[in-house]
There are 2 protein chains.
Amino acid sequence: MPDGFGLSNLPYGAIRRDRASPPRLCVRLHEEAIEVAAIAGDLDVDRALVDAPNLDRLLSAPPATWAVLREALRARLADEVPAHARIPLAGAIPCLPFSVADYVDFYSSIEHATNLGRMFRPDAEPLPPNWRHVPIGYHGRSGTVVVSGTPIRRPSGQLPRPDGPVFAPTERLDLELELGFVTGGPPASLGEPLPIDEAAERIFGFVLVNDWSARDIQRWEYVPLGPFLGKSFATSISAWVVPREALEPYRLAGPEQQPPPLPYLRRREPWSLDIALEIELNGATISRTSAAGLYWSVVQQLTHAASNGALVRPGDLYASGTISGPVSGSEGSLIELTHNGDRPLTIAGEERTFLLDGDRVVLRGTAGDVALGEVAGRVVAA
Amino acid sequence: MPDGFGLSNLPYGAIRRDRASPPRLCVRLHEEAIEVAAIAGDLDVDRALVDAPNLDRLLSAPPATWAVLREALRARLADEVPAHARIPLAGAIPCLPFSVADYVDFYSSIEHATNLGRMFRPDAEPLPPNWRHVPIGYHGRSGTVVVSGTPIRRPSGQLPRPDGPVFAPTERLDLELELGFVTGGPPASLGEPLPIDEAAERIFGFVLVNDWSARDIQRWEYVPLGPFLGKSFATSISAWVVPREALEPYRLAGPEQQPPPLPYLRRREPWSLDIALEIELNGATISRTSAAGLYWSVVQQLTHAASNGALVRPGDLYASGTISGPVSGSEGSLIELTHNGDRPLTIAGEERTFLLDGDRVVLRGTAGDVALGEVAGRVVAA
């Protein structure tokens, strides 16, 4: 049974061997992290790019360099690796794999946007009129993106009450299952859009994202300028960045888009990704879905974000928005899975709606023999 | 006539002596930039903090260190400075004074929020129901914050039309007059809110901000997740960061807040700032206003942004949102000054509404004998 971390994957991470050691750029091979600098002498790449604590330097290199390094690693790691380069994952400590520059969160799942529209704006059409034209997105807080395993403190904020808001710990803490990607390559000039045919090569790799959300804070604050403190307290990403090349075999055409997008967003190549996803809450699987159905592809997301000339920087993180499928049990958030808390889930004999202190959430993703690993987090009290 | 750049100001910037020189951390004294590292031997501070291209290292130091350095500079600069430390501003090139971590834009002016509400949501109450409870804000794009003088390319985007959107250069390019501040100090722990009594000391200093806006792109995209590409193409800040201490003499109580804010936002100390502001378009002054009337003070803005436990990092930039006054001619944007383009301004005999290619915008601010300088930018064609 393949574990999803063989030579066809080789994701990158920033790993500390133990609490006394600094983070080092590694690739994952099965249950070991391989320190890239420790085998750099055998690779035909600039050592300075990989003798590093994390991916930052490599993200600033040209995409052609990423491909050369990946091929060199695949060749080298087919052979035995010296013990000093190998770090058993049991006991190792993952760090944030790259410094997050800007963080953009999209709203790319038509099923999720429809579900949320019905709940948040029950008197209006569920999809806003711009939805099928614009890959809607907003900027999140890059400073609170954390690596899988980081405890998530329950945030406090203004909660709406009939006689005015109170400031208290959120009572509607939710998870959001998302697919993210990180960009890189030499900096472009401010004001230069990114043609859709050049967008894919700016994507270095993919992560899973849990965009934790406080629904009560969000609902009260979000009109008219969008989500702010209901989201900015924490966003978790998986520890391993799966290179774009590892997921290329799993590209699909994706759903039909009606009306057809404006020309700058027209897909030349298929960039929907056939990634199976699941949500686990306290050990029970509560949702199974797929990234294949996302209405707006990752390439459309990135092209749109850069269409006004905004720079794409190394380390920019883009997330899909919650991924929900069309059937019950395939929703990517608790607010959807429980119909805004009205229809609790039963987990280990208990009725559950939103997250309680002590809850542990794990998101997982797999495309064929390539695992995206997991993004895990436990809720701690306010 | 004081120029606003005497010893009571001493703002910090990142200045290149000429095109062949790297940026260096400087303080401004009248029409010269003084390279701080060049006089560091005379200052009782850690040289490593100031032997730097910009403010980044100093922003990571404790606020007490900022105060020590400022006092040492004031004492040293009362005497003659050797020629090699002095850079005449004529011919020098300003750079971004710090690396922007996260960028948050508020909506703190009740006059601006009311004016915009009337135009964008004519069938509803102009102020949303949360406005007097929540200092509304959203995250902007930190990667496109640029220094005063950077040309602003007219962005393209989806413009709404009766028979569907088109992708074209914005036809409603606007400016926004704002007051910004940058935070610093040792990093807090994720999940720890910032008590309002400790917020002021995390503010290192102030800048002027022009939050360029494409009103047509913004209007079509902003429901339900807020402004995105209508803002993210560029945000200009002034080249000189005025230290908090320089503006302390100009603190005021600010407007009465009704209903009283929730306790976490209650002002212990006055933190409205008596800063006179003006907007110049192609050499003509088109608006005069003041930061003193902002409904939500800078300390309330910062306290709110951190109230969910989101980390305040060195280099985070917070802007007030457009500052508009209560009378005609004191509005902080063209959409307000021209009543959504319906009542053109007359400038040099020409009727003008939104920005044209070639237009030059300069924002200026002054508090007593302390100048915030200017943030300037010229619009270049798409």
# chains A, B, ... in the order shown; residues from 1 in each chain; ligands from 1
$ interface_residues --of "chain A" --to "chain B" --cutoff "8 Å" --atoms "only C-alpha atoms" --output "PyMOL selection string"
chain A and resi 101-102+128+130+133-134+136-144+152-158+165-167+190-191+220-229+232-234+262+264+305+307-311+313
$ select_by_dssp --residues "range 73-290 of chain A" --states "helix (DSSP H, G or I)" --output "count of residues only"
46
$ closest_residue --among "A:Ser238, A:Ser8, A:Thr353, A:Thr65" --to "Ile335 in chain A" --atoms "only C-alpha atoms"
A:Thr353
$ select_by_dssp --residues "range 173-369 of chain B" --states "strand (DSSP E or B)" --output "MDAnalysis selection string"
chainID B and resid 173:174 176:183 203:210 213:214 235:237 241:243 251:252 272:273 276:281 284:290 317:319 333 345:347 350:352 360:367
$ closest_residue --among "A:Phe354, A:Ser330, A:Pro22, A:Ile15" --to "Arg86 in chain A" --atoms "only C-alpha atoms"
A:Ile15
$ residues_around --residues "Val299 in chain A" --least-positions-apart "5" --cutoff "7 Å" --atoms "only C-alpha atoms" --output "PDB file with all heavy atoms, in the first residue's frame"
ATOM      1  N   ILE A 196      -2.810  34.323 -18.613  1.00  0.00           N
ATOM      2  CA  ILE A 196      -3.242  33.028 -18.064  1.00  0.00           C
ATOM      3  C   ILE A 196      -2.316  31.899 -18.521  1.00  0.00           C
ATOM      4  O   ILE A 196      -2.096  30.943 -17.770  1.00  0.00           O
ATOM      5  CB  ILE A 196      -4.729  32.753 -18.378  1.00  0.00           C
ATOM      6  CG1 ILE A 196      -5.247  31.593 -17.513  1.00  0.00           C
ATOM      7  CG2 ILE A 196      -4.984  32.524 -19.854  1.00  0.00           C
ATOM      8  CD1 ILE A 196      -6.751  31.488 -17.415  1.00  0.00           C
ATOM      9  N   ALA A 199       0.541  31.634 -16.014  1.00  0.00           N
ATOM     10  CA  ALA A 199       0.224  31.577 -14.582  1.00  0.00           C
ATOM     11  C   ALA A 199       0.674  30.267 -13.942  1.00  0.00           C
ATOM     12  O   ALA A 199       1.229  30.263 -12.840  1.00  0.00           O
ATOM     13  CB  ALA A 199      -1.267  31.803 -14.357  1.00  0.00           C
ATOM     14  N   ALA A 200       0.451  29.145 -14.633  1.00  0.00           N
ATOM     15  CA  ALA A 200       0.734  27.851 -14.000  1.00  0.00           C
ATOM     16  C   ALA A 200       2.183  27.749 -13.567  1.00  0.00           C
ATOM     17  O   ALA A 200       2.494  27.225 -12.485  1.00  0.00           O
ATOM     18  CB  ALA A 200       0.376  26.708 -14.954  1.00  0.00           C
ATOM     19  N   TRP A 271      -6.866  22.862 -15.552  1.00  0.00           N
ATOM     20  CA  TRP A 271      -6.142  23.035 -14.299  1.00  0.00           C
ATOM     21  C   TRP A 271      -7.016  22.767 -13.082  1.00  0.00           C
ATOM     22  O   TRP A 271      -6.782  23.306 -12.005  1.00  0.00           O
ATOM     23  CB  TRP A 271      -5.457  24.403 -14.211  1.00  0.00           C
ATOM     24  CG  TRP A 271      -4.024  24.284 -14.596  1.00  0.00           C
ATOM     25  CD1 TRP A 271      -3.446  24.694 -15.750  1.00  0.00           C
ATOM     26  CD2 TRP A 271      -2.985  23.649 -13.831  1.00  0.00           C
ATOM     27  NE1 TRP A 271      -2.111  24.364 -15.773  1.00  0.00           N
ATOM     28  CE2 TRP A 271      -1.806  23.726 -14.604  1.00  0.00           C
ATOM     29  CE3 TRP A 271      -2.934  23.008 -12.590  1.00  0.00           C
ATOM     30  CZ2 TRP A 271      -0.589  23.204 -14.167  1.00  0.00           C
ATOM     31  CZ3 TRP A 271      -1.722  22.492 -12.154  1.00  0.00           C
ATOM     32  CH2 TRP A 271      -0.569  22.592 -12.943  1.00  0.00           C
TER      33      TRP A 271
END
$ residues_around --residues "Val68 in chain A" --least-positions-apart "6" --cutoff "12 Å" --atoms "only C-alpha atoms" --output "PDB file with all heavy atoms, in the first residue's frame"
ATOM      1  N   LEU A  43      23.928  17.005  -6.066  1.00  0.00           N
ATOM      2  CA  LEU A  43      22.893  17.585  -6.931  1.00  0.00           C
ATOM      3  C   LEU A  43      23.525  18.719  -7.732  1.00  0.00           C
ATOM      4  O   LEU A  43      24.322  19.479  -7.197  1.00  0.00           O
ATOM      5  CB  LEU A  43      21.736  18.147  -6.096  1.00  0.00           C
ATOM      6  CG  LEU A  43      21.130  17.231  -5.028  1.00  0.00           C
ATOM      7  CD1 LEU A  43      20.133  18.004  -4.171  1.00  0.00           C
ATOM      8  CD2 LEU A  43      20.449  16.036  -5.692  1.00  0.00           C
ATOM      9  N   ASP A  44      23.156  18.865  -8.970  1.00  0.00           N
ATOM     10  CA  ASP A  44      23.758  19.907  -9.802  1.00  0.00           C
ATOM     11  C   ASP A  44      22.938  21.198  -9.683  1.00  0.00           C
ATOM     12  O   ASP A  44      22.350  21.674 -10.652  1.00  0.00           O
ATOM     13  CB  ASP A  44      23.822  19.420 -11.254  1.00  0.00           C
ATOM     14  CG  ASP A  44      24.610  20.388 -12.125  1.00  0.00           C
ATOM     15  OD1 ASP A  44      25.403  21.180 -11.558  1.00  0.00           O
ATOM     16  OD2 ASP A  44      24.402  20.368 -13.343  1.00  0.00           O
ATOM     17  N   VAL A  45      22.890  21.721  -8.434  1.00  0.00           N
ATOM     18  CA  VAL A  45      22.159  22.983  -8.219  1.00  0.00           C
ATOM     19  C   VAL A  45      23.002  23.886  -7.316  1.00  0.00           C
ATOM     20  O   VAL A  45      23.903  23.425  -6.623  1.00  0.00           O
ATOM     21  CB  VAL A  45      20.786  22.750  -7.534  1.00  0.00           C
ATOM     22  CG1 VAL A  45      19.826  22.028  -8.460  1.00  0.00           C
ATOM     23  CG2 VAL A  45      20.953  22.017  -6.216  1.00  0.00           C
ATOM     24  N   ASP A  46      22.657  25.162  -7.339  1.00  0.00           N
ATOM     25  CA  ASP A  46      23.326  26.151  -6.495  1.00  0.00           C
ATOM     26  C   ASP A  46      23.037  25.812  -5.030  1.00  0.00           C
ATOM     27  O   ASP A  46      21.905  25.869  -4.573  1.00  0.00           O
ATOM     28  CB  ASP A  46      22.775  27.532  -6.863  1.00  0.00           C
ATOM     29  CG  ASP A  46      23.356  28.637  -5.998  1.00  0.00           C
ATOM     30  OD1 ASP A  46      24.220  28.344  -5.151  1.00  0.00           O
ATOM     31  OD2 ASP A  46      22.927  29.785  -6.175  1.00  0.00           O
ATOM     32  N   LEU A  58      14.475  29.191  -2.455  1.00  0.00           N
ATOM     33  CA  LEU A  58      14.107  28.440  -3.660  1.00  0.00           C
ATOM     34  C   LEU A  58      12.902  29.085  -4.355  1.00  0.00           C
ATOM     35  O   LEU A  58      12.835  29.129  -5.593  1.00  0.00           O
ATOM     36  CB  LEU A  58      13.786  26.987  -3.276  1.00  0.00           C
ATOM     37  CG  LEU A  58      13.629  25.994  -4.425  1.00  0.00           C
ATOM     38  CD1 LEU A  58      14.872  25.940  -5.304  1.00  0.00           C
ATOM     39  CD2 LEU A  58      13.302  24.606  -3.889  1.00  0.00           C
ATOM     40  N   ALA A  61      13.839  31.669  -6.843  1.00  0.00           N
ATOM     41  CA  ALA A  61      14.578  31.216  -8.029  1.00  0.00           C
ATOM     42  C   ALA A  61      13.601  31.017  -9.198  1.00  0.00           C
ATOM     43  O   ALA A  61      12.396  30.896  -8.999  1.00  0.00           O
ATOM     44  CB  ALA A  61      15.306  29.914  -7.711  1.00  0.00           C
ATOM     45  N   PRO A  62      14.132  30.983 -10.419  1.00  0.00           N
ATOM     46  CA  PRO A  62      13.247  30.777 -11.577  1.00  0.00           C
ATOM     47  C   PRO A  62      12.608  29.388 -11.549  1.00  0.00           C
ATOM     48  O   PRO A  62      13.221  28.417 -11.077  1.00  0.00           O
ATOM     49  CB  PRO A  62      14.194  30.905 -12.782  1.00  0.00           C
ATOM     50  CG  PRO A  62      15.429  31.553 -12.267  1.00  0.00           C
ATOM     51  CD  PRO A  62      15.525  31.188 -10.820  1.00  0.00           C
ATOM     52  N   ARG A  74      14.955  13.402  -7.416  1.00  0.00           N
ATOM     53  CA  ARG A  74      14.347  12.106  -7.746  1.00  0.00           C
ATOM     54  C   ARG A  74      15.422  11.080  -8.107  1.00  0.00           C
ATOM     55  O   ARG A  74      15.350   9.913  -7.696  1.00  0.00           O
ATOM     56  CB  ARG A  74      13.342  12.261  -8.883  1.00  0.00           C
ATOM     57  CG  ARG A  74      11.999  12.818  -8.418  1.00  0.00           C
ATOM     58  CD  ARG A  74      11.195  13.407  -9.567  1.00  0.00           C
ATOM     59  NE  ARG A  74      10.867  12.430 -10.585  1.00  0.00           N
ATOM     60  CZ  ARG A  74       9.695  11.782 -10.663  1.00  0.00           C
ATOM     61  NH1 ARG A  74       8.746  11.993  -9.762  1.00  0.00           N
ATOM     62  NH2 ARG A  74       9.463  10.929 -11.637  1.00  0.00           N
ATOM     63  N   ALA A  75      16.411  11.542  -8.855  1.00  0.00           N
ATOM     64  CA  ALA A  75      17.489  10.626  -9.242  1.00  0.00           C
ATOM     65  C   ALA A  75      18.326  10.235  -8.013  1.00  0.00           C
ATOM     66  O   ALA A  75      18.597   9.046  -7.784  1.00  0.00           O
ATOM     67  CB  ALA A  75      18.376  11.301 -10.302  1.00  0.00           C
ATOM     68  N   GLU A 245       4.670  19.858 -10.170  1.00  0.00           N
ATOM     69  CA  GLU A 245       4.916  18.752 -11.101  1.00  0.00           C
ATOM     70  C   GLU A 245       4.329  17.439 -10.581  1.00  0.00           C
ATOM     71  O   GLU A 245       3.905  16.590 -11.368  1.00  0.00           O
ATOM     72  CB  GLU A 245       6.414  18.558 -11.336  1.00  0.00           C
ATOM     73  CG  GLU A 245       7.099  19.686 -12.076  1.00  0.00           C
ATOM     74  CD  GLU A 245       7.662  20.746 -11.151  1.00  0.00           C
ATOM     75  OE1 GLU A 245       7.138  20.911 -10.022  1.00  0.00           O
ATOM     76  OE2 GLU A 245       8.626  21.421 -11.568  1.00  0.00           O
TER      77      GLU A 245
END
$ closest_residue --among "B:Glu176, B:Asp211, B:Glu256, B:Glu278" --to "Leu334 in chain B" --atoms "only C-alpha atoms"
B:Glu176
$ residues_around --residues "Ala292 in chain A" --least-positions-apart "5" --cutoff "6 Å" --atoms "only C-alpha atoms" --output "list in words"
Ser272, Leu273 and Asp274 of chain A
$ write_last_selection --atoms "N, CA, C and O atoms" --output "mmCIF file, in the first residue's frame"
data_model
loop_
_atom_site.group_PDB
_atom_site.id
_atom_site.type_symbol
_atom_site.label_atom_id
_atom_site.label_comp_id
_atom_site.auth_asym_id
_atom_site.auth_seq_id
_atom_site.Cartn_x
_atom_site.Cartn_y
_atom_site.Cartn_z
ATOM 1 N N SER A 272 -8.072 21.959 -13.288
ATOM 2 C CA SER A 272 -8.752 21.435 -12.109
ATOM 3 C C SER A 272 -7.946 20.236 -11.627
ATOM 4 O O SER A 272 -7.334 19.534 -12.432
ATOM 5 N N LEU A 273 -7.957 19.995 -10.339
ATOM 6 C CA LEU A 273 -7.097 18.954 -9.781
ATOM 7 C C LEU A 273 -7.944 17.882 -9.104
ATOM 8 O O LEU A 273 -8.790 18.181 -8.264
ATOM 9 N N ASP A 274 -7.676 16.651 -9.494
ATOM 10 C CA ASP A 274 -8.449 15.500 -9.009
ATOM 11 C C ASP A 274 -7.889 15.042 -7.662
ATOM 12 O O ASP A 274 -7.248 13.997 -7.566
#
$ closest_residue --among "B:Pro88, B:Pro186, B:Pro122, B:Gly341" --to "Ser60 in chain B" --atoms "only C-alpha atoms"
B:Pro186
$ atom_distance --atom1 "CA of Ala67 in chain B" --atom2 "CA of Pro249 in chain B"
15.3 Å
